[in-house]
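To start, the structure under review is shown below, and the notes come after it.
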4 protein chains.
Amino acid sequence: MSITASALQQKFLRIRENKLFEALVITIIVVSALVIGAKTYDMHPTVYRLFTVLDWAITVFFLVEILIRMAAEGGLRAFFRKGWNIFDFVIVTASLIPFDESEMALLGRLLRIFRVLRLVSIIPELRVLLDAFFRAIPRLGYVSLLMFIIFYIYAAMGSIFFAAINQTLWGNISVAMLTLFRVATFEDWTDVMYETMAAYPLSWMFYLSFIFIIAFVFLNMMIGIVLQTLQREFERSALESGEGEAAEVHWIREHTQTIELRLARIEQALTGGVQTADPGESPPPR
Amino acid sequence: MSITASALQQKFLRIRENKLFEALVITIIVVSALVIGAKTYDMHPTVYRLFTVLDWAITVFFLVEILIRMAAEGGLRAFFRKGWNIFDFVIVTASLIPFDESEMALLGRLLRIFRVLRLVSIIPELRVLLDAFFRAIPRLGYVSLLMFIIFYIYAAMGSIFFAAINQTLWGNISVAMLTLFRVATFEDWTDVMYETMAAYPLSWMFYLSFIFIIAFVFLNMMIGIVLQTLQREFERSALESGEGEAAEVHWIREHTQTIELRLARIEQALTGGVQTADPGESPPPR
Amino acid sequence: MSITASALQQKFLRIRENKLFEALVITIIVVSALVIGAKTYDMHPTVYRLFTVLDWAITVFFLVEILIRMAAEGGLRAFFRKGWNIFDFVIVTASLIPFDESEMALLGRLLRIFRVLRLVSIIPELRVLLDAFFRAIPRLGYVSLLMFIIFYIYAAMGSIFFAAINQTLWGNISVAMLTLFRVATFEDWTDVMYETMAAYPLSWMFYLSFIFIIAFVFLNMMIGIVLQTLQREFERSALESGEGEAAEVHWIREHTQTIELRLARIEQALTGGVQTADPGESPPPR
Amino acid sequence: MSITASALQQKFLRIRENKLFEALVITIIVVSALVIGAKTYDMHPTVYRLFTVLDWAITVFFLVEILIRMAAEGGLRAFFRKGWNIFDFVIVTASLIPFDESEMALLGRLLRIFRVLRLVSIIPELRVLLDAFFRAIPRLGYVSLLMFIIFYIYAAMGSIFFAAINQTLWGNISVAMLTLFRVATFEDWTDVMYETMAAYPLSWMFYLSFIFIIAFVFLNMMIGIVLQTLQREFERSALESGEGEAAEVHWIREHTQTIELRLARIEQALTGGVQTADPGESPPPR
């Protein structure tokens with residue numbers, strides 16, 4: 001890389017790091033979000049055309065911004081290594097495709113909505129939250145799989161027994177699962193139950209057992225997983241910042257080792273004999 | 001300040017601190033609350049006039065009480081430094097403005113309702129709770145912002161796709177957000193879903209993904225934040241009161257340091273040599 | 001007390017302690033509960049008369065049982081010192097009052113229902129749970145009071161603004177509070193909201209702010225209080241049973257003190273001088 | 001057992017342990033689940049016959065698989081000692097009973113649904129979750145019993161007072177309990193309340209007290225139990241893996257003992273006297 005290119009990269013880096021530039025980008029994203037929202041209202045054609053111009057101006061701004069960030073990174077490979085950069089790139093380039101006023105225009109508007117998510121990629125606190133959300137997904141995965149299996153079994157039973165009663169609610173396993181999701185959210189579930197109880201008076205057992213399993217036990221499991229994760233994170237951050245009980249315990253452990261070594265030396269000085277108990281016989285836990 | 005003024009201030013301070021006076025103020029606030037409640041019932045004009053007189057008597061009492069507290073504080077600046085004092089002052093002075101029986105009378109009644117909140121400012125336990133509530137607001141801020149962004153994106157999508165189906169529910173982004181809030185509280189959300197599923201059979205994915213993100217994951221996040229805060233407060237209060245595990249760990253850490261110093265002295269006395277391991281090499285965590 | 005009376009007391013005590021007698025009492029309580037349940041069904045007059053006889057037999061059995069327990073306790077004062085005993089006594093004696101087939105018969109049936117609660121007083125595990133429930137009430141008291149104040153303020157505002165719109169829902173402060181409780185449980189709250197939004201388009205702010213304050217923040221506060229209490233109980237029980245981290249920390253603290261004393265003796269033996277650092281300078285936390 | 005039989009057992013064991021064989025079994029279970037789901041849709045008779053053939057093929061495969069696992073275990077007693085094996089055996093053998101196209105065919109279909117649960121028995125992570133679920137049942141037992149008693153008492157009161165108002169909702173204690181369960185899930189509970197309030201204006205106290213007891217306090221109790229269990233499991237697993245605070249505390253406790261022993265030896269070497277304080281006076285907590 002030549003010196004001029006490197007100097008340019010430094011300049012772009014300085015722009016990207018600039019607080020004012022960041023504030024400008026956040027403002028443009030918020031404006032872009034407002035434009036998206038405003039377009040859902042009925043408005044005068046002149047205003048609408050104004051908004052379309054504004055929309056294109058925003059698109060151009062985002063294009064320039066992403067080019068600056070690419071140049072600042074000093075290489076496409078380095079740029080595309082970060083997931084959020086890929087996300088930004090897709091959103092910006094997709095906005096460049098000219099959709100004419102047809103079916104595809106809807107897709108164009110849809111893509112513009114996701115620009116609002118750029119607010120998440122630019123505010124670090126929100127990025128942390130969303131990262132935590134994505135990190136929680138695999139951990140909640142097995143619970144979700146077990147819940148899905150239970151939904152599937154109940155839906156299969158429901159569609160076998162109740163399909164003849166109400167085709168719309170229990171016609172096949174897909175709609176039966178949707179109906180069960182409705183029961184799980186307690187949304188007019190008694191209407192569903194009373195209908196089937198007319199044919200099968202004991203079908204309340206089907207609903208009550210389902211509600212107990214899903215709404216009470218599994219929701220608690222999910223809350224439990226979330227809290228456990230939080231507790232682990234909290235303990236780790238407390239240890240890192242050197243505050244709180246965990247940090248004090250760690251400090252004591254280290255100093256207990258120092259005390260043991262010193263005692264070993266004292267004993268040796270006193271007796272002049274060999275050490276009988278090795279202070280490091282069990283390795284430290286961390 | 002002359003001696004007489006100071007003596008008066010002492011007298012007012014003694015009145016304010018008086019338990020009986022405090023009980024009287026609480027009683028008057030409760031009576032004021034009951035008057036507010038009673039006025040929502042239909043009643044005989046004579047009774048109504050009686051209540052109006054009672055209302056003015058309460059207003060005068062509150063005025064006297066706030067003047068006593070001002071005098072007791074010994075200076076307007078000292079008085080207005082406390083947030084709750086400002087709150088009390090605004091409530092009392094606003095009651096003094098004479099609204100005639102017109103549109104403004106409604107505002108007068110509205111202001112009198114907030115007198116009930118004086119109960120919070122006078123009972124310390126309630127003040128602690130409300131302070132905790134206000135302190136939790138910024139901490140929940142970023143989660144709320146992320147939730148708002150997700151609401152905004154779903155509302156934009158909803159109003160683009162479903163506006164033609166139901167103008168009342170999805171007409172523009174504002175009503176769409178209100179509709180989504182309704183879905184988030186599970187309030188007749190299936191009615192909303194079945195309507196759009198008639199046009200877009202796959203729109204259940206829109207609702208289910210929204211419910212999963214908002215109602216399950218984010219609510220857990222909020223619970224998590226609340227619990228984390230509670231745990232931190234609990235640990236700190238346990239340390240301060242010198243009770244529980246955290247206090248014991250702190251005690252051990254301090255005494256481990258004492259032991260190390262004593263050991264260093266013993267080793268020196270034995271060997272007469274220089275210290276090889278500095279007991280204070282790593283600083284204590286707190 | 002004569003020797004014969006004491007011997008009798010011992011005999012009654014042995015009866016009360018008898019596992020078989022306890023099982024019999026539990027069985028009779030369950031039978032009594034089933035009789036209460038069965039009487040809610042329509043039945044043949046002969047069967048009904050049979051149940052009435054059974055009911056009186058149960059009442060007599062309970063009377064005998066409580067007399068045995070009184071005698072076993074050896075004194076009415078000792079017996080009535082326990083809250084559950086008073087509860088049992090009231091239930092049993094109230095059943096003895098002969099209500100004829102009139103309005104009062106309803107009260108008689110009502111009193112018999114509370115016999116089922118005797119199951120709680122006789123099974124220790126349930127008594128522990130209900131005691132925990134009663135112990136939690138004062139702790140939740142201030143949160144409940146704050147919630148009540150917020151309900152009251154919103155209800156006063158609601159009845160001032162919305163009384164003209166719907167007299168049934170907002171007519172006075174009492175029905176307004178009931179309506180708000182309904183909103184807090186998300187029960188058809190949008191119907192309530194859409195009705196007032198027709199007159200006051202901004203009234204959604206009234207409902208949303210209320211739902212946020214009550215349903216999200218305060219419910220979390222309540223969960224937090226419950227969890228905090230649980231954690232404290234858990235830590236205490238862990239310490240008592242000598243298991244877990246808290247017990248280990250306590251053990252270490254005690255032994256650190258022993259080590260310090262021993263070190264002080266060693267130093268004194270070595271130097272023969274006065275102690276420079278008092279090992280007991282800060283008192284142990286418990 | 002002859003050498004040939006043992007060799008065969010080894011071979012079967014190798015098949016069972018084979019990752020590919022396990023993947024095949026999981027695939028067949030998923031296919032079986034899809035067949036169950038597909039059969040709930042209306043389909044062409046030819047396709048239906050194809051599915052029936054597929055169904056029998058799956059049954060035969062499961063039969064072969066279970067025989068392989070039986071042979072691998074080397075004895076029926078060893079095989080049937082595991083609960084999940086009994087479950088698998090019942091599901092497979094029940095599928096072998098030829099139900100003709102009659103009432104019993106429904107039972108046959110029902111049994112085939114439970115095949116999906118074989119997914120739980122084969123994926124270890126899901127087995128752990130379901131085991132945790134079953135282990136939580138007795139712990140939640142007493143809370144459930146207390147809730148049942150409260151439901152029973154309220155249902156008895158409800159059916160005595162409200163049976164005349166609405167026979168369908170309060171006719172007898174069974175339907176009253178179902179109605180109360182509906183109230184506990186907040187499902188159209190105000191409709192139930194307004195109906196009885198027409199006859200008994202104070203009946204809102206019945207519903208509100210019930211909702212407070214069941215929905216607020218007891219749900220919290222359940223959450224509390226789940227969290228307490230989680231915390232205990234977390235602490236134990238942290239100790240076992242040798243990570244975290246609990247493991248560090250354990251390490252310190254062990255080393256404090258070593259220090260005490262060494263100090264005792266040093267004191268003895270210095271003074272040559274008898275030990276005055278026994279370092280092991282209080283036994284270690286674990």
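Identifiers for the structure tokens are assigned positionally: chains receive A, B, ... in sequence, residues are indexed from 1 per chain, and ligands are indexed from 1 in the order shown.
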
Neighbour list for Val116 (chain C) as a PyMOL selection string, cut-off 8 Å, only C-alpha atoms, skip fewer than 3 positions in-chain = (chain C and resi 29-30+32-33+112-113+119-120) or (chain D and resi 149+153)

Mind writing the picked residues with N, CA, C and O atoms as a compact mmCIF listing (two decimals), in the first residue's frame?
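Dumped to result26.txt:
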```txt
# COMPACT_ATOMS: atom_id res chain seq x y z
N ILE C 29 -61.38 -35.81 57.43
CA ILE C 29 -61.40 -34.47 56.82
C ILE C 29 -61.65 -34.59 55.32
O ILE C 29 -62.48 -33.86 54.76
N VAL C 30 -60.95 -35.54 54.65
CA VAL C 30 -61.14 -35.73 53.21
C VAL C 30 -62.58 -36.14 52.93
O VAL C 30 -63.22 -35.61 52.01
N SER C 32 -65.16 -35.46 54.75
CA SER C 32 -65.95 -34.26 54.98
C SER C 32 -65.91 -33.33 53.78
O SER C 32 -66.94 -32.76 53.37
N ALA C 33 -64.72 -33.21 53.16
CA ALA C 33 -64.57 -32.39 51.96
C ALA C 33 -65.39 -32.97 50.82
O ALA C 33 -66.05 -32.23 50.07
N ARG C 112 -69.06 -25.17 57.13
CA ARG C 112 -68.60 -26.54 56.93
C ARG C 112 -67.50 -26.60 55.84
O ARG C 112 -66.64 -27.47 55.87
N ILE C 113 -67.58 -25.67 54.87
CA ILE C 113 -66.56 -25.66 53.80
C ILE C 113 -65.17 -25.45 54.38
O ILE C 113 -64.21 -26.10 53.97
N LEU C 119 -57.25 -29.67 56.84
CA LEU C 119 -56.22 -30.47 56.17
C LEU C 119 -54.88 -29.74 56.23
O LEU C 119 -53.82 -30.35 56.38
N VAL C 120 -54.94 -28.39 56.10
CA VAL C 120 -53.72 -27.58 56.18
C VAL C 120 -53.15 -27.62 57.59
O VAL C 120 -51.95 -27.74 57.79
N ILE D 149 -56.66 -27.26 47.38
CA ILE D 149 -57.55 -27.01 48.52
C ILE D 149 -58.23 -25.65 48.38
O ILE D 149 -59.44 -25.53 48.58
N ILE D 153 -62.21 -24.97 48.06
CA ILE D 153 -62.99 -24.11 48.97
C ILE D 153 -63.75 -23.03 48.19
O ILE D 153 -64.95 -22.84 48.37
```

Spatial neighbours of region 253-267 of chain D, 7 Å, only C-alpha atoms, chain gap at least 2 places, as JSON, numbers by chain | {"A": [260, 267], "C": [248, 252, 259, 266], "D": [249, 250, 251, 269, 270, 271, 279]}

Emit the selected residues as an mmCIF file, in the first residue's frame, including N, CA, C and O atoms.
```cif
data_model
loop_
_atom_site.group_PDB
_atom_site.id
_atom_site.type_symbol
_atom_site.label_atom_id
_atom_site.label_comp_id
_atom_site.auth_asym_id
_atom_site.auth_seq_id
_atom_site.Cartn_x
_atom_site.Cartn_y
_atom_site.Cartn_z
ATOM 1 N N GLU A 260 1.048 -20.022 52.822
ATOM 2 C CA GLU A 260 1.533 -21.400 52.892
ATOM 3 C C GLU A 260 3.020 -21.489 52.564
ATOM 4 O O GLU A 260 3.786 -22.173 53.229
ATOM 5 N N GLU A 267 9.030 -23.094 58.730
ATOM 6 C CA GLU A 267 9.197 -24.413 59.321
ATOM 7 C C GLU A 267 10.593 -24.974 59.015
ATOM 8 O O GLU A 267 11.260 -25.541 59.880
ATOM 9 N N GLU C 248 -19.177 -23.215 54.550
ATOM 10 C CA GLU C 248 -17.726 -23.309 54.389
ATOM 11 C C GLU C 248 -17.056 -21.987 54.755
ATOM 12 O O GLU C 248 -16.031 -21.961 55.446
ATOM 13 N N ILE C 252 -14.321 -21.292 57.677
ATOM 14 C CA ILE C 252 -13.021 -20.639 57.435
ATOM 15 C C ILE C 252 -12.838 -19.469 58.391
ATOM 16 O O ILE C 252 -11.787 -19.279 58.974
ATOM 17 N N ILE C 259 -6.105 -19.554 63.901
ATOM 18 C CA ILE C 259 -4.766 -19.368 63.334
ATOM 19 C C ILE C 259 -4.126 -18.101 63.898
ATOM 20 O O ILE C 259 -2.956 -18.090 64.290
ATOM 21 N N ILE C 266 3.045 -17.853 68.920
ATOM 22 C CA ILE C 266 4.343 -18.162 68.307
ATOM 23 C C ILE C 266 5.240 -16.934 68.328
ATOM 24 O O ILE C 266 6.398 -16.992 68.715
ATOM 25 N N VAL D 249 -13.832 -21.248 47.426
ATOM 26 C CA VAL D 249 -14.065 -21.306 48.864
ATOM 27 C C VAL D 249 -13.672 -22.683 49.395
ATOM 28 O O VAL D 249 -13.013 -22.807 50.429
ATOM 29 N N HIS D 250 -14.065 -23.741 48.652
ATOM 30 C CA HIS D 250 -13.735 -25.099 49.062
ATOM 31 C C HIS D 250 -12.220 -25.297 49.126
ATOM 32 O O HIS D 250 -11.688 -25.898 50.057
ATOM 33 N N TRP D 251 -11.527 -24.770 48.108
ATOM 34 C CA TRP D 251 -10.061 -24.863 48.053
ATOM 35 C C TRP D 251 -9.458 -24.157 49.278
ATOM 36 O O TRP D 251 -8.561 -24.701 49.929
ATOM 37 N N ALA D 269 7.588 -27.192 67.748
ATOM 38 C CA ALA D 269 9.043 -27.120 67.577
ATOM 39 C C ALA D 269 9.625 -25.976 68.408
ATOM 40 O O ALA D 269 10.724 -26.069 68.953
ATOM 41 N N LEU D 270 8.873 -24.870 68.498
ATOM 42 C CA LEU D 270 9.347 -23.688 69.219
ATOM 43 C C LEU D 270 9.295 -23.874 70.735
ATOM 44 O O LEU D 270 10.247 -23.619 71.452
ATOM 45 N N THR D 271 8.125 -24.321 71.210
ATOM 46 C CA THR D 271 7.921 -24.371 72.656
ATOM 47 C C THR D 271 8.180 -25.751 73.230
ATOM 48 O O THR D 271 8.489 -25.885 74.417
ATOM 49 N N PRO D 279 -6.560 -27.786 66.358
ATOM 50 C CA PRO D 279 -6.981 -27.169 65.079
ATOM 51 C C PRO D 279 -8.225 -27.851 64.489
ATOM 52 O O PRO D 279 -8.922 -27.261 63.693
#
```

Interatomic distance between CA of Phe12 (chain C) and CA of Trp56 (chain C)?
-> 23.4 Å

Which residues, written as a list in words, have at least one atom at most 10 Å from Glu195 (chain A), with only C-alpha atoms counted and residues fewer than 5 positions away on the same chain left out?
-> Phe162, Ile165, Asn166, Thr190, Tyr200, Pro201 and Ser203 of chain A

DSSP alpha helix (DSSP H) selection over region 166-196 of chain A, as a PyMOL selection string = chain A and resi 167-170+173-184+189-196

Expressed in Å to a single decimal, how great is the separation between CA of Gly83 (chain B) and CA of Val64 (chain B)?
->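 We find that CA of Gly83 (chain B) and CA of Val64 (chain B) lie 19.5 Å from each other.
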
Contacts of Ala164 (chain C) at 12 Å (only C-alpha atoms; same-chain gap of 4+ positions) as a list in words |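 Neighbouring residues, sequence-local ones excluded: Thr40 of chain B; Gly158, Ser159, Ile160, Thr168, Leu169, Trp170, Gly171, Asn172, Glu195, Thr196, Ala199 and Tyr200 of chain C.
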
Can you work out which one of A:Phe148, A:Tyr207, A:Phe61, A:Phe114 has the shortest atom-to-atom distance to Phe21 (chain A), counting only C-alpha atoms?
->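 The closest residue to Phe21 (chain A) is A:Phe61.
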
Shell around Phe80 (chain D) at 12 Å using only C-alpha atoms, local window under 6 positions removed, as a list in words =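 Returned residues: Ile66, Arg69, Met70, Glu73, Gly74, Ile86, Phe87, Asp88, Phe89 and Val90 of chain D.
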
Computed interatomic separation between CA of Phe186 (chain D) and CA of Ala184 (chain C) (Å) |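 Value for the CA of Phe186 (chain D)-CA of Ala184 (chain C) distance: 10.2 Å.
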
Residues at most 9 Å from Ser174 (chain A), counting only C-alpha atoms, excluding those fewer than 6 positions away in the same chain, as a list of chain:residue names?
->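 The residues that qualify are A:Tyr152, A:Ala155, D:Gly37.
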
Kindly indicate which residue among A:Ala136, A:Ile15, A:Ala105, A:Leu54 lies nearest to Met221 (chain B), using only C-alpha atoms for the distances.
-> A:Ala136

Residue nearest chain D among B:Asp188, B:Ala198, B:Thr46, B:Gln9 (counting only C-alpha atoms) |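 So, comparing all the options, the nearest one is B:Asp188.
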
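Proximity ranking of A:Leu111, A:Leu76, A:Ala246, A:Met193 relative to chain C places A:Ala246 first, based on only C-alpha atoms.
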